[in-house]
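Only one structure is covered here, and it is reproduced in the block below.
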Amino acid sequence: MAKRLMMGNEAIGEGAIQAGCRFYAGYPITPQNELTAYMAKRMPEVNGVFIQSESELAAISMLYGASLVGARTMTSSSSPGISLMQEGISYMAGAELPCVIANIQRGGPGLGNISGAQGDYFQATRGGGHGDYRTLVLAPHSVQEMFHLTREAFDLADRYRSPVIILGDGVLGQMMEPMEIQPPKASLAKGGDPESRIQDPAKKDWILDGCQGREPRSIKSLILGENSLEKHNERLAEKYKEMEKEIRYEAVEIEDAQAILVAFGTSARICKEAMHRARKEGLKVGLIRPITLFPFPKEIILENAPRIKGYLTVEMNLGQMVEDVRLAVSGRCPVHFYGRPAGGFPEVEIIIEKIKEILG
Amino acid sequence: MKKILGRPESMQDVSTIYCPGCGHGIVHRLVCEVIDELGIREKTIAVAPVGCAVLAYQYWKFDTTEAAHGRPPAVATGIKRILPDRIVFTYQGDGDLAAIGTAETVHAANRGENITTIFVNNAVYGMTGGQMAPTTLIGQKTLTTPSGRDPKLAGYPIKISEALAQLDGTTYIERVAVNSPKNILKAKKAIKKAFQVQLENRGFSLVEVLSMCPTAWWVSPEEALKWVEERMLPEFPLGVIKDKVTSNK
Ligand SMILES: Cc1ncc(C[n+]2csc(CCOP(=O)(O)OP(=O)(O)O)c2C)c(N)n1
Ligand code: SF4
C-alpha cells in the first residue's frame, strides 16, 4: 500500500474521521493546533460537525451532548487545556459516555512551555478529575500509530462506554513520517451510513433521541438512593477490570535481555535508538513499550522481573510511570529511573551508561 | 363533561421535592403544557442543570440529560448539532446560567444555536442553601451577603438577558414572572413562542422567568409572591427584550 507523508497531529484527525467520528469540538493550543485545523477542514467534507469552542470546559461538555445522542466524538488539546477538561471527563465517566480525547502533552506545571513532555502520565492514568474512575489511555509512538490507535480508540470508547485518552506529546504531534492508511480490522466500525452523523446508532440502545415509541430515558452522573452510587462505582470498577483484555505493549528483544528498558511514546523512540547501539556493543538489553498506559501491562513486566538484573524506566518527566513499573515488579528486581522533565529529552548516551551500570 | 384542566402528558405523575411556594414547579408545568400543545414531547431532549431543578428528569416525561453546573448550553449545542430536527432546551438557574456558566451561555447565544433556554431567576442559590447569586438584589441578605449585597464588594444584579440581547446571534428574549395568574399566562405565551422560534429554525431563544424561592428569601410562600412584585420587578422589568422574528416581519 502506498505510503503518505503525514504529521502526527493530522494522522490523529484522519484516524478519527475514518472511525466515523462526526463531531469535533476544541480550543486552540500549541502543540496540537494542526489537529484542530485538520478537523475544521475535514469535518465539513464528511458531513460532520466542527466547533471551535469558547473553552476546553465547553468543548468537553459539547462532546457530552453529542455523545449522549449517539455520535462518535473527539476533542484534542494539550496539557493546560486537558486540565480544564477534567470536569467533563469525570461527568462522562460517571454517565458512561464514550468519547476520544487527544492530549498532545507539553511542559508544565502551569503554562510551562510548548515543547513535548510526558508530565501528564499521572493525570491520564489515575482518572484525572474528581471521583473514583479511570479512562483507557493509549500511547502512540509514531505517526502510523497515532493514526491507527486513534481509529481503534473509538471502538474501545463505544465498547466500554468510556472516555479514551490518546496520550501523545509535542514531538509526536509535530513529527512528519510516512504512514499507510491500512484498511480497518473487521471489528472496527464499518462506517454506517456515510451521510449520518451517527454511525451505527442501532447498536447504541441507551442514547437519547426523543422518546418516540418508548419510555423516556435520562443520561446523568447524578445517582441518588441508598447505596446506589456505591453500586454504580463498583460496576464501573468491574468495567475497568474488564478493560485489562485490551492491554497492549511492544516487547523488543527481551528474550535474552538482562536489563529491560520501559518507556512509552517519544521516550520509547529514544530508547529504541539506545537499545540498538547498546546491542551493537554486545549489551543484553531489551525494551517493553506499554501501548495501553491504563490498563498497564503489568504481567509482562512481572514475568521478566525474576530473571533480569533490573529495569530502567525512561520518561520525559520526573518519574511517573516508574511507579507502575515498581508496583508490577513488587520488589522482584531493582527498578531504576532516568527522566528529563518539562521539555528535556533523555539522552541516548546516558541511557547506555545506565544500562551498563545495571549489567555491572 | 369536557376536561379542561389536568396533568400535562409531558409531566410524570409524581410529586416534586420543591419547597412550598417554590416557582420551579410552576415553570416545569408551563414547559410541559407548551410541549404538549406543540406536540413535540417525543422529539424533545431536555438539559437539566445543577441547582434545585437537578431532579427535573424525574418530573418530565421526555428524554432528559443532566449537565455539569453551568454547562447546559454547551451540552445542548452538542445534541442539537447532531440531531437538528429534535427540540432541545436547557433549564437553568441564575447561578448556573449567569455565574459559573456565563461563558457557555454567551457563546451558545452568540453562535445562534437553534436551542431554547428557560432561565429561572430566583435571585439566590437555592440548592446550596441560599448564597448570593449574580442576580441577588442590592441590599438582599443571603448566607454570603449577611449584611445585604453591597455593590462595592459584590457587584450588581446582573441583567444577563439584556446583555444577551446585544448579541447578533440571539433571536428572541423575553422576561416574565410566575408570581400571579396573569403573569403565569404571559409566561406560558413567552415559553411557547420561544419553542416556536426553535421549531421554525430561527435560532437562539431565551425566556427569563422571575421565580419564587421563599426558603432562601426567608419569607412565607405568600410573601414571596409580593417579594417578586415589589423587589424584583423594579430591578428586572418584564417584557420582550428582543424579538427578531416580529421586528423582521
Ligand atoms: C462545579 C460546581 N460548583 C459548585 C456546585 C454547588 N452548587 C450546586 S447548585 C449551585 C447553585 C445553584 O443556584 P442556581 O443555579 O441559581 O439554581 P437554584 O438552585 O437557585 O434553582 C451550586 C453553587 C456544583 N454542583 N458544582
Ligand atoms: S430552595 Fe428555593 S428554589 Fe430550591 S426548592 Fe426551595 S424554594 Fe425552590
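Chain identifiers are assigned as A, B, and so on, following the order in which chains appear in the C-alpha cells; residues are numbered from 1 within each chain, and ligands are numbered from 1 in order of appearance.
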
Ala59 of chain A surroundings by only C-alpha atoms, 9 Å radius, close-in-sequence under 2 positions cut, as a ChimeraX atom specification: /A:24-27,51-57,61-64,75,85,88 /B:74

Which residues are near ligand 1 in this structure, taking near to mean any atom at most 7 Å from a ligand atom and counting only C-alpha atoms and all ligand atoms? Format them as a VMD selection string. chain B and resid 50 to 53 68 to 69 92 to 97 120 to 122 124 to 128 133

Residues of the last selection are to be written out with C-alpha atoms, as an mmCIF file, in the first residue's frame.
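As written to disk, out-v4.cif reads:
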data_model
loop_
_atom_site.group_PDB
_atom_site.id
_atom_site.type_symbol
_atom_site.label_atom_id
_atom_site.label_comp_id
_atom_site.auth_asym_id
_atom_site.auth_seq_id
_atom_site.Cartn_x
_atom_site.Cartn_y
_atom_site.Cartn_z
ATOM 1 C CA VAL B 50 -27.199 21.565 38.670
ATOM 2 C CA GLY B 51 -29.395 23.518 41.053
ATOM 3 C CA CYS B 52 -32.741 22.861 42.678
ATOM 4 C CA ALA B 53 -34.038 21.593 39.316
ATOM 5 C CA ALA B 68 -22.350 19.822 34.811
ATOM 6 C CA HIS B 69 -23.020 23.074 36.691
ATOM 7 C CA GLN B 92 -31.081 26.747 34.178
ATOM 8 C CA GLY B 93 -30.945 28.726 37.387
ATOM 9 C CA ASP B 94 -29.264 32.103 37.727
ATOM 10 C CA GLY B 95 -26.111 30.683 39.269
ATOM 11 C CA ASP B 96 -25.902 28.058 36.570
ATOM 12 C CA LEU B 97 -26.575 30.412 33.671
ATOM 13 C CA VAL B 120 -35.174 30.640 36.204
ATOM 14 C CA ASN B 121 -34.092 33.755 38.085
ATOM 15 C CA ASN B 122 -34.824 33.491 41.800
ATOM 16 C CA VAL B 124 -30.421 33.334 45.014
ATOM 17 C CA TYR B 125 -28.628 29.986 45.057
ATOM 18 C CA GLY B 126 -31.419 27.756 46.245
ATOM 19 C CA MET B 127 -29.805 24.352 46.161
ATOM 20 C CA THR B 128 -26.776 25.175 48.267
ATOM 21 C CA ALA B 133 -26.483 34.723 43.101
#

Counting only C-alpha atoms, collect the residues of chain A whose closest atom lies at most 9 Å from chain B, and write them out as a PyMOL selection string. chain A and resi 22-23+25+48-49+53-55+57-71+87-88+91+197-198+208-222

Which value, in Å to one decimal, gives the distance between atom CA of Asn103 of chain A and atom CA of Val46 of chain A? 23.9 Å

Running DSSP on the backbone, which parts of segment 204-271 of chain A land in strand (DSSP E), as JSON, numbers by chain? {"A": [218, 219, 249, 250, 251, 252, 259, 260, 261, 262]}

So how many Å separate atom CA of Ala165 of chain B and atom CA of Ser180 of chain B, to one decimal? 25.9 Å

Give me the residues near Ala117 of chain A as a VMD selection string, where near means some atom within 12 Å (using only C-alpha atoms) and where sequence neighbours in that chain fewer than 5 positions away do not count. chain A and resid 31 78 to 79 103 to 109 112 167 to 173 264 to 267 315 to 318 339 to 346

Do a neighbour search on segment 166-172 of chain B at 9 Å with only C-alpha atoms, toss out local chain neighbours closer than 6 positions, and write the hits as a PyMOL selection string. chain B and resi 106-113+193-194+197+202-207+240-245

Could you write out the selected residues, including C-alpha atoms, as a PDB file, in the first residue's frame?
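Output file again_32.pdb follows:
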ATOM      1  CA  VAL B 106     -22.875  33.891  25.955  1.00  0.00           C
ATOM      2  CA  HIS B 107     -21.208  31.762  23.300  1.00  0.00           C
ATOM      3  CA  ALA B 108     -24.104  29.414  22.614  1.00  0.00           C
ATOM      4  CA  ALA B 109     -26.249  32.542  22.226  1.00  0.00           C
ATOM      5  CA  ASN B 110     -23.654  34.255  20.091  1.00  0.00           C
ATOM      6  CA  ARG B 111     -23.348  31.244  17.796  1.00  0.00           C
ATOM      7  CA  GLY B 112     -27.083  31.494  17.402  1.00  0.00           C
ATOM      8  CA  GLU B 113     -27.534  27.851  18.382  1.00  0.00           C
ATOM      9  CA  LYS B 193     -43.079  31.484  21.450  1.00  0.00           C
ATOM     10  CA  ALA B 194     -39.511  30.565  22.378  1.00  0.00           C
ATOM     11  CA  VAL B 197     -38.724  30.105  17.283  1.00  0.00           C
ATOM     12  CA  ARG B 202     -34.820  30.818  13.734  1.00  0.00           C
ATOM     13  CA  GLY B 203     -32.034  30.489  16.288  1.00  0.00           C
ATOM     14  CA  PHE B 204     -31.416  31.133  19.959  1.00  0.00           C
ATOM     15  CA  SER B 205     -34.403  31.884  22.185  1.00  0.00           C
ATOM     16  CA  LEU B 206     -34.448  32.502  25.928  1.00  0.00           C
ATOM     17  CA  VAL B 207     -37.156  33.170  28.478  1.00  0.00           C
ATOM     18  CA  VAL B 240     -39.949  41.354  25.402  1.00  0.00           C
ATOM     19  CA  ILE B 241     -36.290  42.286  25.390  1.00  0.00           C
ATOM     20  CA  LYS B 242     -35.540  41.164  21.856  1.00  0.00           C
ATOM     21  CA  ASP B 243     -37.683  39.774  19.094  1.00  0.00           C
ATOM     22  CA  LYS B 244     -36.008  39.457  15.726  1.00  0.00           C
ATOM     23  CA  VAL B 245     -38.927  37.413  14.392  1.00  0.00           C
TER      24      VAL B 245
END

Based on the backbone DSSP call, show me all residues of segment 69-219 of chain B assigned alpha helix (DSSP H), as a VMD selection string. chain B and resid 72 to 82 94 to 95 102 to 110 151 to 154 160 to 165 181 to 199 214 to 217

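Checking B:Thr16, B:Gln196, B:Ser147, B:Ser10 one by one against ligand 2, counting only C-alpha atoms and all ligand atoms, you find the shortest gap at B:Thr16.
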
Using only C-alpha atoms, which residues sit within 9 Å of Gly286 of chain A once same-chain residues fewer than 2 positions away are excluded, as a PyMOL selection string? chain A and resi 251-262+272+275+279+284+288

Using only all heavy atoms, please write the residues we just selected to a file, as a CSV table (one decimal), in the first residue's frame.
chain,number,residue,atom,x,y,z
A,251,ALA,N,7.2,-5.6,22.9
A,251,ALA,CA,8.3,-6.1,23.6
A,251,ALA,C,9.4,-6.3,22.5
A,251,ALA,O,9.2,-7.0,21.5
A,251,ALA,CB,8.0,-7.4,24.3
A,252,VAL,N,10.6,-5.7,22.7
A,252,VAL,CA,11.7,-5.8,21.7
A,252,VAL,C,12.9,-6.5,22.4
A,252,VAL,O,13.4,-6.0,23.4
A,252,VAL,CB,12.1,-4.4,21.2
A,252,VAL,CG1,13.0,-4.5,20.0
A,252,VAL,CG2,10.9,-3.5,20.9
A,253,GLU,N,13.3,-7.6,21.8
A,253,GLU,CA,14.5,-8.4,22.2
A,253,GLU,C,14.5,-8.5,23.7
A,253,GLU,O,15.6,-8.3,24.3
A,253,GLU,CB,15.7,-7.6,21.7
A,253,GLU,CG,15.7,-7.6,20.2
A,253,GLU,CD,17.1,-7.1,19.6
A,253,GLU,OE1,18.1,-7.7,20.0
A,253,GLU,OE2,17.0,-6.2,18.7
A,254,ILE,N,13.5,-9.0,24.3
A,254,ILE,CA,13.5,-9.2,25.8
A,254,ILE,C,14.0,-10.6,26.2
A,254,ILE,O,14.3,-10.8,27.3
A,254,ILE,CB,12.2,-8.8,26.5
A,254,ILE,CG1,11.0,-9.6,26.0
A,254,ILE,CG2,11.9,-7.3,26.4
A,254,ILE,CD1,9.8,-9.5,26.8
A,255,GLU,N,13.9,-11.5,25.2
A,255,GLU,CA,14.1,-12.9,25.5
A,255,GLU,C,15.4,-13.2,26.2
A,255,GLU,O,15.5,-13.9,27.3
A,255,GLU,CB,14.1,-13.8,24.2
A,255,GLU,CG,12.7,-13.8,23.5
A,255,GLU,CD,12.4,-12.6,22.8
A,255,GLU,OE1,13.4,-11.8,22.5
A,255,GLU,OE2,11.2,-12.3,22.4
A,256,ASP,N,16.5,-12.6,25.7
A,256,ASP,CA,17.8,-12.9,26.3
A,256,ASP,C,18.3,-11.7,27.1
A,256,ASP,O,19.4,-11.6,27.6
A,256,ASP,CB,18.9,-13.2,25.2
A,256,ASP,CG,19.1,-12.0,24.3
A,256,ASP,OD1,18.3,-11.1,24.3
A,256,ASP,OD2,20.2,-12.0,23.7
A,257,ALA,N,17.4,-10.7,27.3
A,257,ALA,CA,17.9,-9.4,27.9
A,257,ALA,C,18.1,-9.6,29.4
A,257,ALA,O,17.4,-10.3,30.1
A,257,ALA,CB,16.8,-8.3,27.7
A,258,GLN,N,19.2,-8.9,29.9
A,258,GLN,CA,19.5,-8.9,31.3
A,258,GLN,C,19.0,-7.6,32.0
A,258,GLN,O,18.9,-7.5,33.2
A,258,GLN,CB,21.0,-9.1,31.5
A,258,GLN,CG,21.4,-10.6,31.2
A,258,GLN,CD,20.8,-11.5,32.2
A,258,GLN,OE1,21.0,-11.5,33.4
A,258,GLN,NE2,20.0,-12.5,31.6
A,259,ALA,N,18.9,-6.6,31.1
A,259,ALA,CA,18.3,-5.3,31.5
A,259,ALA,C,17.2,-5.0,30.5
A,259,ALA,O,17.4,-5.2,29.3
A,259,ALA,CB,19.4,-4.2,31.5
A,260,ILE,N,16.1,-4.5,31.1
A,260,ILE,CA,15.0,-4.1,30.2
A,260,ILE,C,14.6,-2.7,30.4
A,260,ILE,O,14.4,-2.2,31.6
A,260,ILE,CB,13.8,-5.1,30.4
A,260,ILE,CG1,14.2,-6.5,30.0
A,260,ILE,CG2,12.6,-4.6,29.5
A,260,ILE,CD1,13.1,-7.5,30.2
A,261,LEU,N,14.5,-1.9,29.3
A,261,LEU,CA,14.0,-0.6,29.3
A,261,LEU,C,12.5,-0.6,29.3
A,261,LEU,O,11.9,-1.4,28.6
A,261,LEU,CB,14.6,0.2,28.1
A,261,LEU,CG,16.1,0.3,27.9
A,261,LEU,CD1,16.4,0.8,26.6
A,261,LEU,CD2,16.7,1.1,29.0
A,262,VAL,N,11.9,0.4,30.0
A,262,VAL,CA,10.5,0.5,29.9
A,262,VAL,C,10.2,2.0,29.6
A,262,VAL,O,10.7,2.9,30.3
A,262,VAL,CB,9.7,0.2,31.2
A,262,VAL,CG1,8.2,0.2,31.0
A,262,VAL,CG2,10.2,-1.2,31.8
A,272,LYS,N,14.7,3.0,21.8
A,272,LYS,CA,14.9,2.1,20.7
A,272,LYS,C,16.3,2.4,20.1
A,272,LYS,O,17.1,1.5,19.8
A,272,LYS,CB,13.8,2.2,19.6
A,272,LYS,CG,12.6,1.5,20.0
A,272,LYS,CD,11.6,1.4,18.9
A,272,LYS,CE,10.4,0.5,19.2
A,272,LYS,NZ,9.3,0.5,18.2
A,275,MET,N,18.9,1.2,22.6
A,275,MET,CA,19.0,-0.2,22.6
A,275,MET,C,19.8,-0.8,21.4
A,275,MET,O,20.6,-1.6,21.5
A,275,MET,CB,17.6,-0.7,22.5
A,275,MET,CG,17.2,-1.8,23.4
A,275,MET,SD,15.7,-2.5,22.9
A,275,MET,CE,16.3,-3.9,21.9
A,279,ARG,N,23.1,-2.9,21.9
A,279,ARG,CA,23.2,-4.2,21.3
A,279,ARG,C,24.4,-4.4,20.5
A,279,ARG,O,25.1,-5.5,20.5
A,279,ARG,CB,21.9,-4.6,20.5
A,279,ARG,CG,20.7,-5.0,21.3
A,279,ARG,CD,20.7,-6.5,21.6
A,279,ARG,NE,19.7,-6.8,22.6
A,279,ARG,CZ,19.6,-8.1,23.1
A,279,ARG,NH1,20.4,-9.0,22.7
A,279,ARG,NH2,18.7,-8.3,24.0
A,284,LYS,N,23.2,-7.0,26.6
A,284,LYS,CA,21.9,-7.7,26.5
A,284,LYS,C,20.8,-6.9,27.1
A,284,LYS,O,20.5,-7.0,28.3
A,284,LYS,CB,22.1,-9.0,27.2
A,284,LYS,CG,23.0,-9.9,26.5
A,284,LYS,CD,22.8,-11.4,26.7
A,284,LYS,CE,23.5,-12.2,25.6
A,284,LYS,NZ,23.9,-13.5,26.1
A,288,ILE,N,10.5,-2.9,26.8
A,288,ILE,CA,9.0,-3.1,26.9
A,288,ILE,C,8.4,-1.7,26.7
A,288,ILE,O,8.7,-0.8,27.5
A,288,ILE,CB,8.6,-3.7,28.2
A,288,ILE,CG1,9.1,-5.2,28.3
A,288,ILE,CG2,7.0,-3.7,28.3
A,288,ILE,CD1,8.8,-5.9,29.6

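Once segment 157-159 of chain A and its same-chain neighbours fewer than 4 positions away are set aside, Pro98, Cys99, Val100, Ala153, Pro163 and Val164 of chain A remain within 7 Å of it when counting only C-alpha atoms.
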
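In this comparison, which uses only C-alpha atoms and all ligand atoms, the residue of B:Phe195, B:Cys22, B:Leu5, B:Gly239 approaching ligand 2 most closely is B:Cys22.
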